[in-house]
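A.B. asks: Dropping in target-v4.pdb, which is PDB, C-alpha atoms:
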```
ATOM      1  CA  MET A   1      17.118  61.847 -73.741
ATOM      2  CA  ALA A   2      15.318  59.497 -76.083
ATOM      3  CA  ARG A   3      13.498  56.570 -74.587
ATOM      4  CA  ARG A   4      15.167  53.263 -75.409
ATOM      5  CA  ASP A   5      15.249  49.660 -74.263
ATOM      6  CA  HIS A   6      18.994  49.544 -73.651
ATOM      7  CA  LEU A   7      19.979  51.551 -70.597
ATOM      8  CA  THR A   8      23.397  52.935 -69.858
ATOM      9  CA  VAL A   9      23.826  52.635 -66.104
ATOM     10  CA  LEU A  10      26.667  53.882 -63.939
ATOM     11  CA  PHE A  11      27.049  51.733 -60.838
ATOM     12  CA  HIS A  12      28.962  52.856 -57.789
ATOM     13  CA  ALA A  13      30.102  50.239 -55.259
ATOM     14  CA  ALA A  14      32.356  49.901 -52.248
ATOM     15  CA  ALA A  15      34.601  46.828 -52.367
ATOM     16  CA  GLY A  16      37.864  45.545 -50.980
ATOM     17  CA  ALA A  17      39.743  42.853 -49.112
ATOM     18  CA  ARG A  18      38.470  44.061 -45.721
ATOM     19  CA  ARG A  19      34.877  45.013 -46.492
ATOM     20  CA  GLY A  20      34.388  42.220 -49.049
ATOM     21  CA  TYR A  21      32.869  42.250 -52.517
ATOM     22  CA  GLY A  22      29.161  41.817 -51.808
ATOM     23  CA  HIS A  23      28.242  45.320 -52.984
ATOM     24  CA  LEU A  24      30.138  44.845 -56.236
ATOM     25  CA  MET A  25      28.617  41.416 -56.887
ATOM     26  CA  ARG A  26      25.129  42.800 -56.252
ATOM     27  CA  CYS A  27      25.749  45.555 -58.793
ATOM     28  CA  GLY A  28      26.792  42.906 -61.299
ATOM     29  CA  VAL A  29      23.547  41.012 -60.787
ATOM     30  CA  LEU A  30      21.529  44.183 -61.368
ATOM     31  CA  ALA A  31      23.567  45.096 -64.455
ATOM     32  CA  ASP A  32      22.741  41.696 -65.933
ATOM     33  CA  ALA A  33      19.073  41.953 -64.928
ATOM     34  CA  LEU A  34      18.897  45.322 -66.723
ATOM     35  CA  GLY A  35      20.869  44.102 -69.746
ATOM     36  CA  ALA A  36      23.285  46.955 -69.077
ATOM     37  CA  ASP A  37      27.019  47.191 -69.695
ATOM     38  CA  ARG A  38      29.208  47.195 -66.603
ATOM     39  CA  HIS A  39      30.241  50.816 -65.939
ATOM     40  CA  LEU A  40      31.648  51.317 -62.451
ATOM     41  CA  SER A  41      32.752  54.025 -60.068
ATOM     42  CA  LEU A  42      34.550  52.270 -57.213
ATOM     43  CA  ARG A  43      35.408  53.090 -53.624
ATOM     44  CA  GLY A  44      38.280  50.752 -52.902
ATOM     45  CA  ALA A  45      41.994  50.122 -53.334
ATOM     46  CA  SER A  46      43.802  49.258 -56.558
ATOM     47  CA  ASP A  47      43.423  45.531 -55.919
ATOM     48  CA  SER A  48      39.644  46.053 -55.797
ATOM     49  CA  ALA A  49      39.744  47.699 -59.213
ATOM     50  CA  ALA A  50      41.684  44.715 -60.545
ATOM     51  CA  VAL A  51      39.018  42.341 -59.210
ATOM     52  CA  ALA A  52      36.277  44.487 -60.771
ATOM     53  CA  ARG A  53      37.995  44.476 -64.156
ATOM     54  CA  SER A  54      38.371  40.687 -63.979
ATOM     55  CA  LEU A  55      34.586  40.531 -63.597
ATOM     56  CA  GLY A  56      34.014  42.569 -66.747
ATOM     57  CA  TRP A  57      33.628  46.058 -65.301
ATOM     58  CA  THR A  58      34.912  49.222 -66.901
ATOM     59  CA  VAL A  59      36.290  51.094 -63.886
ATOM     60  CA  TYR A  60      36.467  54.892 -64.066
ATOM     61  CA  ALA A  61      38.827  57.169 -62.150
ATOM     62  CA  SER A  62      35.872  58.978 -60.564
ATOM     63  CA  ALA A  63      32.112  59.315 -60.834
ATOM     64  CA  ALA A  64      32.519  62.679 -62.557
ATOM     65  CA  ASP A  65      34.823  61.099 -65.129
ATOM     66  CA  ALA A  66      32.316  58.310 -65.685
ATOM     67  CA  LEU A  67      29.438  60.737 -66.231
ATOM     68  CA  THR A  68      31.400  62.452 -68.982
ATOM     69  CA  ARG A  69      32.590  59.294 -70.679
ATOM     70  CA  CYS A  70      29.610  56.920 -70.505
ATOM     71  CA  GLU A  71      26.701  59.444 -70.271
ATOM     72  CA  PRO A  72      24.443  57.236 -68.122
ATOM     73  CA  ASP A  73      20.655  57.177 -68.075
ATOM     74  CA  LEU A  74      20.745  56.076 -64.437
ATOM     75  CA  ILE A  75      23.098  55.953 -61.441
ATOM     76  CA  VAL A  76      22.868  53.073 -58.950
ATOM     77  CA  ILE A  77      24.740  53.426 -55.655
ATOM     78  CA  ASP A  78      25.646  50.432 -53.463
ATOM     79  CA  ASP A  79      27.906  51.923 -50.806
ATOM     80  CA  PRO A  80      27.231  52.098 -47.037
ATOM     81  CA  SER A  81      29.141  55.380 -46.720
ATOM     82  CA  VAL A  82      26.573  58.169 -46.329
ATOM     83  CA  ALA A  83      29.190  60.785 -47.210
ATOM     84  CA  THR A  84      30.159  59.084 -50.473
ATOM     85  CA  ALA A  85      26.602  58.217 -51.464
ATOM     86  CA  GLY A  86      25.435  61.721 -50.603
ATOM     87  CA  ARG A  87      28.040  63.298 -52.885
ATOM     88  CA  LEU A  88      26.921  61.044 -55.739
ATOM     89  CA  VAL A  89      23.273  61.952 -55.190
ATOM     90  CA  ARG A  90      24.126  65.641 -55.319
ATOM     91  CA  LEU A  91      26.133  65.071 -58.500
ATOM     92  CA  ALA A  92      23.170  63.258 -60.041
ATOM     93  CA  ARG A  93      20.856  66.112 -59.067
ATOM     94  CA  ARG A  94      23.108  68.662 -60.776
ATOM     95  CA  THR A  95      23.196  66.611 -63.977
ATOM     96  CA  GLY A  96      19.510  65.650 -63.958
ATOM     97  CA  ILE A  97      20.204  61.903 -63.918
ATOM     98  CA  PRO A  98      17.876  59.701 -61.836
ATOM     99  CA  VAL A  99      19.643  57.929 -58.986
ATOM    100  CA  ALA A 100      18.809  54.806 -56.972
ATOM    101  CA  SER A 101      20.495  53.624 -53.784
ATOM    102  CA  ILE A 102      20.798  50.125 -52.318
ATOM    103  CA  HIS A 103      21.012  49.627 -48.555
ATOM    104  CA  ASP A 104      21.308  46.920 -45.941
ATOM    105  CA  LEU A 105      19.386  47.075 -42.670
ATOM    106  CA  GLY A 106      18.372  50.672 -43.313
ATOM    107  CA  ARG A 107      21.964  51.898 -43.071
ATOM    108  CA  GLY A 108      23.411  54.652 -45.216
ATOM    109  CA  GLN A 109      20.113  56.210 -46.293
ATOM    110  CA  VAL A 110      20.427  59.123 -48.706
ATOM    111  CA  ASP A 111      17.965  61.288 -50.627
ATOM    112  CA  SER A 112      17.884  59.172 -53.787
ATOM    113  CA  ASP A 113      14.980  58.895 -56.232
ATOM    114  CA  LEU A 114      14.523  55.209 -55.368
ATOM    115  CA  SER A 115      15.836  53.445 -52.250
ATOM    116  CA  ILE A 116      16.048  49.663 -52.066
ATOM    117  CA  ASP A 117      16.623  47.462 -49.016
ATOM    118  CA  GLY A 118      15.984  43.741 -49.324
ATOM    119  CA  SER A 119      16.832  42.966 -45.711
ATOM    120  CA  LEU A 120      14.836  40.422 -43.736
ATOM    121  CA  ALA A 121      15.660  42.134 -40.447
ATOM    122  CA  THR A 122      13.243  44.811 -39.243
ATOM    123  CA  LEU A 123      15.815  47.622 -39.059
ATOM    124  CA  VAL A 124      14.814  48.820 -42.544
ATOM    125  CA  ARG A 125      13.621  52.406 -42.304
ATOM    126  CA  ALA A 126      10.022  53.276 -43.055
ATOM    127  CA  GLY A 127      11.049  55.735 -45.770
ATOM    128  CA  THR A 128      12.622  53.039 -47.946
ATOM    129  CA  ASP A 129      10.747  52.717 -51.270
ATOM    130  CA  LEU A 130      11.379  49.001 -51.884
ATOM    131  CA  ARG A 131      11.858  47.121 -48.662
ATOM    132  CA  GLY A 132      11.848  43.563 -47.449
ATOM    133  CA  PRO A 133      13.186  40.258 -48.796
ATOM    134  CA  ALA A 134      11.003  40.404 -51.923
ATOM    135  CA  TYR A 135      13.614  42.924 -53.125
ATOM    136  CA  ALA A 136      16.735  40.998 -52.112
ATOM    137  CA  VAL A 137      19.000  41.149 -55.171
ATOM    138  CA  LEU A 138      20.251  37.603 -55.753
ATOM    139  CA  HIS A 139      22.120  36.026 -58.648
ATOM    140  CA  PRO A 140      19.707  34.785 -61.388
ATOM    141  CA  SER A 141      21.182  31.295 -61.151
ATOM    142  CA  VAL A 142      19.544  31.053 -57.717
ATOM    143  CA  SER A 143      16.082  31.269 -59.281
ATOM    144  CA  ALA A 144      17.118  28.765 -61.947
ATOM    145  CA  TRP A 145      18.299  26.214 -59.404
ATOM    146  CA  ARG A 146      15.249  26.863 -57.227
ATOM    147  CA  ARG A 147      12.991  25.936 -60.158
ATOM    148  CA  ARG A 148      15.153  22.951 -61.032
ATOM    149  CA  GLY A 149      15.240  21.640 -57.485
ATOM    150  CA  ALA A 150      18.153  20.803 -55.220
ATOM    151  CA  VAL A 151      20.268  17.712 -55.795
ATOM    152  CA  ARG A 152      21.924  17.417 -52.406
ATOM    153  CA  GLY A 153      24.876  15.163 -51.797
ATOM    154  CA  ALA A 154      25.368  13.198 -48.591
ATOM    155  CA  ASN A 155      27.583  14.821 -45.948
ATOM    156  CA  ARG A 156      28.528  17.625 -48.327
ATOM    157  CA  VAL A 157      29.288  21.042 -46.812
ATOM    158  CA  LEU A 158      29.835  24.354 -48.579
ATOM    159  CA  ILE A 159      31.682  27.071 -46.660
ATOM    160  CA  THR A 160      31.273  30.537 -48.131
ATOM    161  CA  LEU A 161      32.121  33.586 -46.045
ATOM    162  CA  GLY A 162      32.313  36.379 -48.614
ATOM    163  CA  GLY A 163      35.139  37.560 -50.819
ATOM    164  CA  GLY A 164      37.451  39.335 -48.385
ATOM    165  CA  ALA A 165      40.866  38.519 -46.940
ATOM    166  CA  HIS A 166      39.404  36.779 -43.867
ATOM    167  CA  VAL A 167      38.047  33.889 -45.923
ATOM    168  CA  ARG A 168      41.135  31.727 -46.203
ATOM    169  CA  ALA A 169      42.305  31.573 -42.606
ATOM    170  CA  MET A 170      38.802  31.266 -41.194
ATOM    171  CA  GLY A 171      37.690  28.798 -43.873
ATOM    172  CA  ALA A 172      40.644  26.507 -43.201
ATOM    173  CA  ALA A 173      40.049  26.621 -39.446
ATOM    174  CA  LEU A 174      36.383  25.757 -39.925
ATOM    175  CA  ALA A 175      37.249  22.860 -42.238
ATOM    176  CA  ASP A 176      39.652  21.443 -39.650
ATOM    177  CA  ALA A 177      37.037  21.721 -36.904
ATOM    178  CA  ILE A 178      34.230  20.156 -38.965
ATOM    179  CA  VAL A 179      36.387  17.223 -40.124
ATOM    180  CA  ALA A 180      37.345  16.538 -36.513
ATOM    181  CA  LEU A 181      33.641  16.070 -35.702
ATOM    182  CA  ALA A 182      32.516  14.456 -38.983
ATOM    183  CA  PRO A 183      35.468  12.629 -40.600
ATOM    184  CA  ASP A 184      33.472  11.414 -43.616
ATOM    185  CA  VAL A 185      32.387  14.900 -44.666
ATOM    186  CA  THR A 186      33.260  16.485 -48.028
ATOM    187  CA  ILE A 187      33.865  20.242 -47.864
ATOM    188  CA  ASP A 188      34.090  22.905 -50.577
ATOM    189  CA  ILE A 189      35.341  26.331 -49.485
ATOM    190  CA  ALA A 190      34.762  29.388 -51.674
ATOM    191  CA  ALA A 191      38.175  31.066 -51.851
ATOM    192  CA  GLY A 192      36.981  34.647 -52.383
ATOM    193  CA  PHE A 193      38.943  37.279 -54.283
ATOM    194  CA  ALA A 194      41.900  37.890 -51.974
ATOM    195  CA  ARG A 195      45.316  37.138 -53.394
ATOM    196  CA  GLY A 196      47.959  35.013 -51.733
ATOM    197  CA  ARG A 197      48.529  31.480 -50.573
ATOM    198  CA  ARG A 198      45.597  29.226 -49.829
ATOM    199  CA  PRO A 199      46.130  27.270 -46.592
ATOM    200  CA  ALA A 200      46.356  23.481 -46.753
ATOM    201  CA  LEU A 201      43.112  21.647 -46.068
ATOM    202  CA  PRO A 202      42.241  18.233 -44.622
ATOM    203  CA  SER A 203      41.499  15.279 -46.850
ATOM    204  CA  ARG A 204      38.220  15.513 -48.833
ATOM    205  CA  CYS A 205      38.289  19.334 -48.586
ATOM    206  CA  ARG A 206      39.103  21.761 -51.405
ATOM    207  CA  TRP A 207      39.170  25.430 -52.298
ATOM    208  CA  ILE A 208      36.856  26.480 -55.124
ATOM    209  CA  ASP A 209      36.573  29.617 -57.251
ATOM    210  CA  ALA A 210      33.075  30.836 -58.057
ATOM    211  CA  PRO A 211      33.167  34.113 -60.031
ATOM    212  CA  ASP A 212      29.742  33.288 -61.519
ATOM    213  CA  GLY A 213      28.016  32.635 -58.219
ATOM    214  CA  LEU A 214      27.498  29.805 -55.763
ATOM    215  CA  ALA A 215      23.978  28.673 -56.602
ATOM    216  CA  ARG A 216      25.048  25.259 -57.839
ATOM    217  CA  GLY A 217      27.229  24.637 -54.804
ATOM    218  CA  LEU A 218      24.439  25.699 -52.462
ATOM    219  CA  ALA A 219      21.884  23.550 -54.262
ATOM    220  CA  CYS A 220      24.141  20.489 -53.956
ATOM    221  CA  ALA A 221      25.184  21.030 -50.330
ATOM    222  CA  THR A 222      23.752  19.077 -47.416
ATOM    223  CA  VAL A 223      24.569  22.043 -45.166
ATOM    224  CA  ALA A 224      26.032  25.480 -45.939
ATOM    225  CA  LEU A 225      28.190  27.471 -43.546
ATOM    226  CA  VAL A 226      27.773  31.110 -44.542
ATOM    227  CA  GLY A 227      28.271  34.689 -43.384
ATOM    228  CA  GLY A 228      25.434  37.113 -42.808
ATOM    229  CA  GLY A 229      25.480  38.648 -46.284
ATOM    230  CA  VAL A 230      23.917  37.901 -49.652
ATOM    231  CA  THR A 231      24.873  34.202 -49.600
ATOM    232  CA  LEU A 232      22.647  33.632 -46.563
ATOM    233  CA  TYR A 233      19.700  34.889 -48.654
ATOM    234  CA  GLU A 234      20.778  32.672 -51.560
ATOM    235  CA  ALA A 235      20.961  29.608 -49.328
ATOM    236  CA  ALA A 236      17.500  30.419 -47.982
ATOM    237  CA  ALA A 237      15.984  30.813 -51.459
ATOM    238  CA  LEU A 238      17.367  27.381 -52.368
ATOM    239  CA  GLY A 239      16.155  25.759 -49.155
ATOM    240  CA  THR A 240      19.694  24.871 -48.138
ATOM    241  CA  PRO A 241      20.057  24.284 -44.374
ATOM    242  CA  ALA A 242      22.457  26.985 -43.220
ATOM    243  CA  VAL A 243      24.662  27.770 -40.250
ATOM    244  CA  ALA A 244      25.429  31.498 -40.266
ATOM    245  CA  VAL A 245      28.487  33.173 -38.743
ATOM    246  CA  PRO A 246      28.853  36.985 -38.631
ATOM    247  CA  VAL A 247      32.019  37.859 -40.526
ATOM    248  CA  VAL A 248      31.607  41.475 -39.385
ATOM    249  CA  ARG A 249      29.512  42.881 -36.540
ATOM    250  CA  ALA A 250      27.073  44.521 -38.995
ATOM    251  CA  GLN A 251      25.892  41.054 -40.082
ATOM    252  CA  ARG A 252      24.625  40.079 -36.637
ATOM    253  CA  PRO A 253      21.085  41.577 -36.977
ATOM    254  CA  THR A 254      20.521  39.697 -40.249
ATOM    255  CA  ILE A 255      21.661  36.395 -38.758
ATOM    256  CA  ARG A 256      19.538  37.002 -35.681
ATOM    257  CA  ALA A 257      16.487  37.637 -37.889
ATOM    258  CA  PHE A 258      16.997  34.412 -39.868
ATOM    259  CA  ALA A 259      17.540  32.421 -36.677
ATOM    260  CA  SER A 260      14.421  33.912 -35.057
ATOM    261  CA  ALA A 261      12.399  32.874 -38.116
ATOM    262  CA  GLY A 262      13.709  29.306 -37.891
ATOM    263  CA  ALA A 263      15.437  29.811 -41.239
ATOM    264  CA  ALA A 264      19.081  29.350 -40.175
ATOM    265  CA  VAL A 265      21.195  28.394 -37.195
ATOM    266  CA  GLY A 266      22.897  31.539 -35.956
ATOM    267  CA  VAL A 267      26.315  31.475 -34.283
ATOM    268  CA  LEU A 268      26.255  34.679 -32.261
ATOM    269  CA  THR A 269      28.507  33.879 -29.327
ATOM    270  CA  PRO A 270      30.098  36.962 -27.742
ATOM    271  CA  ARG A 271      33.386  35.029 -27.382
ATOM    272  CA  ALA A 272      35.251  35.327 -30.676
ATOM    273  CA  GLY A 273      37.450  32.346 -29.870
ATOM    274  CA  ALA A 274      34.410  30.081 -29.574
ATOM    275  CA  THR A 275      32.934  30.869 -32.990
ATOM    276  CA  VAL A 276      34.811  28.274 -35.052
ATOM    277  CA  GLY A 277      34.163  25.400 -32.667
ATOM    278  CA  LEU A 278      30.498  26.248 -32.180
ATOM    279  CA  ALA A 279      29.871  26.684 -35.905
ATOM    280  CA  ALA A 280      31.530  23.341 -36.630
ATOM    281  CA  TRP A 281      29.413  21.647 -33.965
ATOM    282  CA  HIS A 282      26.190  22.998 -35.489
ATOM    283  CA  VAL A 283      27.223  21.846 -38.972
ATOM    284  CA  ALA A 284      28.020  18.339 -37.692
ATOM    285  CA  ASP A 285      24.739  18.289 -35.759
ATOM    286  CA  LEU A 286      22.681  19.111 -38.859
ATOM    287  CA  LEU A 287      24.516  16.430 -40.838
ATOM    288  CA  THR A 288      23.364  13.832 -38.297
ATOM    289  CA  ARG A 289      19.764  15.118 -38.131
ATOM    290  CA  PRO A 290      18.463  15.246 -41.717
ATOM    291  CA  ALA A 291      14.833  15.784 -40.684
ATOM    292  CA  ALA A 292      15.740  18.859 -38.624
ATOM    293  CA  ALA A 293      17.945  20.135 -41.431
ATOM    294  CA  ALA A 294      15.114  19.692 -43.937
ATOM    295  CA  ARG A 295      12.712  21.669 -41.704
ATOM    296  CA  LEU A 296      15.242  24.466 -41.465
ATOM    297  CA  GLY A 297      15.602  24.541 -45.249
ATOM    298  CA  ARG A 298      11.836  24.606 -45.833
ATOM    299  CA  SER A 299      11.377  27.519 -43.434
ATOM    300  CA  ALA A 300      14.143  29.443 -45.177
ATOM    301  CA  ARG A 301      12.785  28.755 -48.661
ATOM    302  CA  ALA A 302       9.381  30.102 -47.640
ATOM    303  CA  LEU A 303      10.947  33.454 -46.654
ATOM    304  CA  ILE A 304      13.050  34.212 -49.752
ATOM    305  CA  ASP A 305      11.793  33.535 -53.280
ATOM    306  CA  GLY A 306      14.965  34.614 -55.115
ATOM    307  CA  ALA A 307      13.184  36.839 -57.651
ATOM    308  CA  GLY A 308      14.117  40.203 -56.156
ATOM    309  CA  ALA A 309      16.592  41.206 -58.864
ATOM    310  CA  GLY A 310      13.873  41.140 -61.508
ATOM    311  CA  ARG A 311      11.531  43.231 -59.355
ATOM    312  CA  VAL A 312      14.222  45.814 -58.654
ATOM    313  CA  ALA A 313      15.255  45.962 -62.322
ATOM    314  CA  ALA A 314      11.646  46.599 -63.335
ATOM    315  CA  ARG A 315      11.377  49.511 -60.897
ATOM    316  CA  LEU A 316      14.687  50.954 -62.086
ATOM    317  CA  ARG A 317      13.442  50.874 -65.681
ATOM    318  CA  ALA A 318      10.227  52.558 -64.580
ATOM    319  CA  LEU A 319      12.254  55.235 -62.790
ATOM    320  CA  VAL A 320      14.187  56.058 -65.955
ATOM    321  CA  ALA A 321      11.069  55.903 -68.119
ATOM    322  CA  GLY A 322       9.237  58.292 -65.793
ATOM    323  CA  ARG A 323      12.089  60.785 -65.847
ATOM    324  CA  THR A 324      12.281  60.546 -69.637
ATOM    325  CA  GLU A 325       8.546  61.189 -70.007
ATOM    326  CA  VAL A 326       8.859  64.305 -67.829
ATOM    327  CA  ARG A 327      11.731  65.589 -69.949
ATOM    328  CA  ASP A 328       9.856  64.862 -73.173
ATOM    329  CA  ALA A 329       6.817  66.760 -71.865
ATOM    330  CA  VAL A 330       8.943  69.768 -70.894
ATOM    331  CA  ALA A 331      10.664  69.738 -74.284
TER
END
```
Can the structure from this file be put into structure tokens for me?
C.D. replies:
Amino acid sequence: MARRDHLTVLFHAAAGARRGYGHLMRCGVLADALGADRHLSLRGASDSAAVARSLGWTVYASAADALTRCEPDLIVIDDPSVATAGRLVRLARRTGIPVASIHDLGRGQVDSDLSIDGSLATLVRAGTDLRGPAYAVLHPSVSAWRRRGAVRGANRVLITLGGGAHVRAMGAALADAIVALAPDVTIDIAAGFARGRRPALPSRCRWIDAPDGLARGLACATVALVGGGVTLYEAAALGTPAVAVPVVRAQRPTIRAFASAGAAVGVLTPRAGATVGLAAWHVADLLTRPAAAARLGRSARALIDGAGAGRVAARLRALVAGRTEVRDAVA
């Protein structure tokens, strides 16, 4: 394999209406950071493949098919399934292609050549090669808006809870609850990728589509109401005061870590029925206490610098270059 600047990378991601699209979006950020075309092996239903294609991915029937057709220099896995990731690692070993794996909270570790976990929480395993929030893979627009500086509106809330099917019902319920406490608020709700009807919203509230990321919306928000995934890290990097709600149980350790660091307000009530009301109360409270909200944003901004994608891309290039040099020496 000749050494070259342009890499052909095969990404593998898990995505879907139930698990969300965070893994797929993270792969897209890394593809752009590497200057690589979007080649994808996908674990998900047919609607997930349609979403991926709408985002510019070439989706292959299987990883083996992709290896034959795109002949990658590198495989990057972003899938919490140990069984699936393990099979891909073994396939990479048989074909001599270097393989990197991306994890959250130390989950799904496999024997890859480079493991990456940008989690703030301390559950990251000691064997991870790149660990901690310096390696959180965030959209490049986050760094751009961080350098530019936030331009926050008054009483402006952004609700973004991931890309799955839960977003619309939960987002509408949260908007209703927030407006009941703060009638003069303006609310944008990221609609996600799920198909179907969008519920009606109160006055001064709207659904938005954000296929290119939410950095601008976060930078302009007085308060963000987010899940415990990548958008929580993006809000932190931008210094946006955030209230975080676990969309799935696996997000609870991340939210707890941000809350313990004074970098977000965590809504971790054990009573599922209380989540919407409590989250709305915290949002309204931050809107009425700008000094407290500003302190929260400053603490968050100090934890996450938003430059992790560039660091990870550099290490991925080094991984491929090192493997190429070994092959050249053997040849």
A.B. asks: Could you tell me how far CA of Ser48 (chain A) sits from CA of Arg317 (chain A), in Å to one decimal place?
C.D. replies: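 One can read the CA of Arg317 (chain A) to CA of Ser48 (chain A) distance as 28.4 Å.
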A.B. asks: Go through A:Ala313, A:Ala318, A:Val99, A:Ala45 and flag the residue nearest Arg18 (chain A), using all atoms listed in the file for the distances.
C.D. replies: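 So, comparing all the options, the nearest one is A:Ala45.
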A.B. asks: Mind pulling up the distance from CA of Arg26 (chain A) to CA of Asp212 (chain A)?
C.D. replies: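 Between CA of Asp212 (chain A) and CA of Arg26 (chain A) the gap works out to 11.8 Å.
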A.B. asks: Going by the chain IDs and residue numbers used in this file, which residues fall under the PyMOL selection byres ((chain A and resi 136-150) around 6)? Write them as a ChimeraX atom specification.
C.D. replies: /A:29,118,133-135,151-152,215,219,238,306,308-309
A.B. asks: Given the point (21.8, 23.8, -40.8) in the file's coordinates, find the residues that have an atom at most 7 Å from it, counting all atoms listed in the file, and give them as an NGL selection string.
C.D. replies: :A and (223-224 or 241-243 or 264-265 or 282-283 or 286 or 293 or 296)
A.B. asks: If we count only C-alpha atoms, what is near Leu268 (chain A) at a cut-off of 9 Å, once residues fewer than 6 positions away on the same chain are taken out, given as an mmCIF file with C-alpha atoms, keeping the file's coordinate frame?
C.D. replies:
```cif
data_model
loop_
_atom_site.group_PDB
_atom_site.id
_atom_site.type_symbol
_atom_site.label_atom_id
_atom_site.label_comp_id
_atom_site.auth_asym_id
_atom_site.auth_seq_id
_atom_site.Cartn_x
_atom_site.Cartn_y
_atom_site.Cartn_z
ATOM 1 C CA ALA A 244 25.429 31.498 -40.266
ATOM 2 C CA VAL A 245 28.487 33.173 -38.743
ATOM 3 C CA PRO A 246 28.853 36.985 -38.631
ATOM 4 C CA ARG A 252 24.625 40.079 -36.637
ATOM 5 C CA ILE A 255 21.661 36.395 -38.758
ATOM 6 C CA ARG A 256 19.538 37.002 -35.681
ATOM 7 C CA THR A 275 32.934 30.869 -32.990
#
```
A.B. asks: Could you jot down the CA of Leu7 (chain A) to CA of Pro72 (chain A) separation for me, Å, one decimal place?
C.D. replies: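 One can read the CA of Leu7 (chain A) to CA of Pro72 (chain A) distance as 7.6 Å.
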A.B. asks: Using all atoms listed in the file, pick whichever of A:Ile208, A:Ala190, A:Leu278, A:Leu316 has the shortest atom-to-atom distance to Ala36 (chain A).
C.D. replies: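 Ranked by minimum distance to Ala36 (chain A), first place goes to A:Leu316.
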A.B. asks: Generate N, CA and C atoms for region 42-57 of chain A and emit them as a PDB file, keeping the file's coordinate frame.
C.D. replies:
```pdb
ATOM      1  N   LEU A  42      34.209  53.197 -58.291  1.00  0.00           N
ATOM      2  CA  LEU A  42      34.550  52.270 -57.213  1.00  0.00           C
ATOM      3  C   LEU A  42      35.177  52.996 -56.033  1.00  0.00           C
ATOM      4  N   ARG A  43      34.713  52.668 -54.844  1.00  0.00           N
ATOM      5  CA  ARG A  43      35.408  53.090 -53.624  1.00  0.00           C
ATOM      6  C   ARG A  43      36.155  51.872 -53.097  1.00  0.00           C
ATOM      7  N   GLY A  44      37.467  51.893 -53.298  1.00  0.00           N
ATOM      8  CA  GLY A  44      38.280  50.752 -52.902  1.00  0.00           C
ATOM      9  C   GLY A  44      39.702  50.934 -53.399  1.00  0.00           C
ATOM     10  N   ALA A  45      40.589  50.041 -52.973  1.00  0.00           N
ATOM     11  CA  ALA A  45      41.994  50.122 -53.334  1.00  0.00           C
ATOM     12  C   ALA A  45      42.226  49.593 -54.740  1.00  0.00           C
ATOM     13  N   SER A  46      43.472  49.683 -55.198  1.00  0.00           N
ATOM     14  CA  SER A  46      43.802  49.258 -56.558  1.00  0.00           C
ATOM     15  C   SER A  46      43.528  47.782 -56.778  1.00  0.00           C
ATOM     16  N   ASP A  47      43.706  46.950 -55.742  1.00  0.00           N
ATOM     17  CA  ASP A  47      43.423  45.531 -55.919  1.00  0.00           C
ATOM     18  C   ASP A  47      41.935  45.293 -56.143  1.00  0.00           C
ATOM     19  N   SER A  48      41.089  46.154 -55.571  1.00  0.00           N
ATOM     20  CA  SER A  48      39.644  46.053 -55.797  1.00  0.00           C
ATOM     21  C   SER A  48      39.305  46.363 -57.243  1.00  0.00           C
ATOM     22  N   ALA A  49      39.970  47.360 -57.808  1.00  0.00           N
ATOM     23  CA  ALA A  49      39.744  47.699 -59.213  1.00  0.00           C
ATOM     24  C   ALA A  49      40.153  46.538 -60.116  1.00  0.00           C
ATOM     25  N   ALA A  50      41.242  45.862 -59.751  1.00  0.00           N
ATOM     26  CA  ALA A  50      41.684  44.715 -60.545  1.00  0.00           C
ATOM     27  C   ALA A  50      40.645  43.597 -60.503  1.00  0.00           C
ATOM     28  N   VAL A  51      40.082  43.353 -59.328  1.00  0.00           N
ATOM     29  CA  VAL A  51      39.018  42.341 -59.210  1.00  0.00           C
ATOM     30  C   VAL A  51      37.823  42.738 -60.070  1.00  0.00           C
ATOM     31  N   ALA A  52      37.429  44.009 -59.993  1.00  0.00           N
ATOM     32  CA  ALA A  52      36.277  44.487 -60.771  1.00  0.00           C
ATOM     33  C   ALA A  52      36.516  44.299 -62.271  1.00  0.00           C
ATOM     34  N   ARG A  53      37.695  44.638 -62.722  1.00  0.00           N
ATOM     35  CA  ARG A  53      37.995  44.476 -64.156  1.00  0.00           C
ATOM     36  C   ARG A  53      37.958  43.001 -64.554  1.00  0.00           C
ATOM     37  N   SER A  54      38.410  42.123 -63.666  1.00  0.00           N
ATOM     38  CA  SER A  54      38.371  40.687 -63.979  1.00  0.00           C
ATOM     39  C   SER A  54      36.946  40.176 -64.106  1.00  0.00           C
ATOM     40  N   LEU A  55      36.001  40.901 -63.522  1.00  0.00           N
ATOM     41  CA  LEU A  55      34.586  40.531 -63.597  1.00  0.00           C
ATOM     42  C   LEU A  55      33.854  41.263 -64.724  1.00  0.00           C
ATOM     43  N   GLY A  56      34.608  41.950 -65.570  1.00  0.00           N
ATOM     44  CA  GLY A  56      34.014  42.569 -66.747  1.00  0.00           C
ATOM     45  C   GLY A  56      33.597  44.017 -66.595  1.00  0.00           C
ATOM     46  N   TRP A  57      33.998  44.665 -65.505  1.00  0.00           N
ATOM     47  CA  TRP A  57      33.628  46.058 -65.301  1.00  0.00           C
ATOM     48  C   TRP A  57      34.615  47.003 -65.983  1.00  0.00           C
TER      49      TRP A  57
END
```
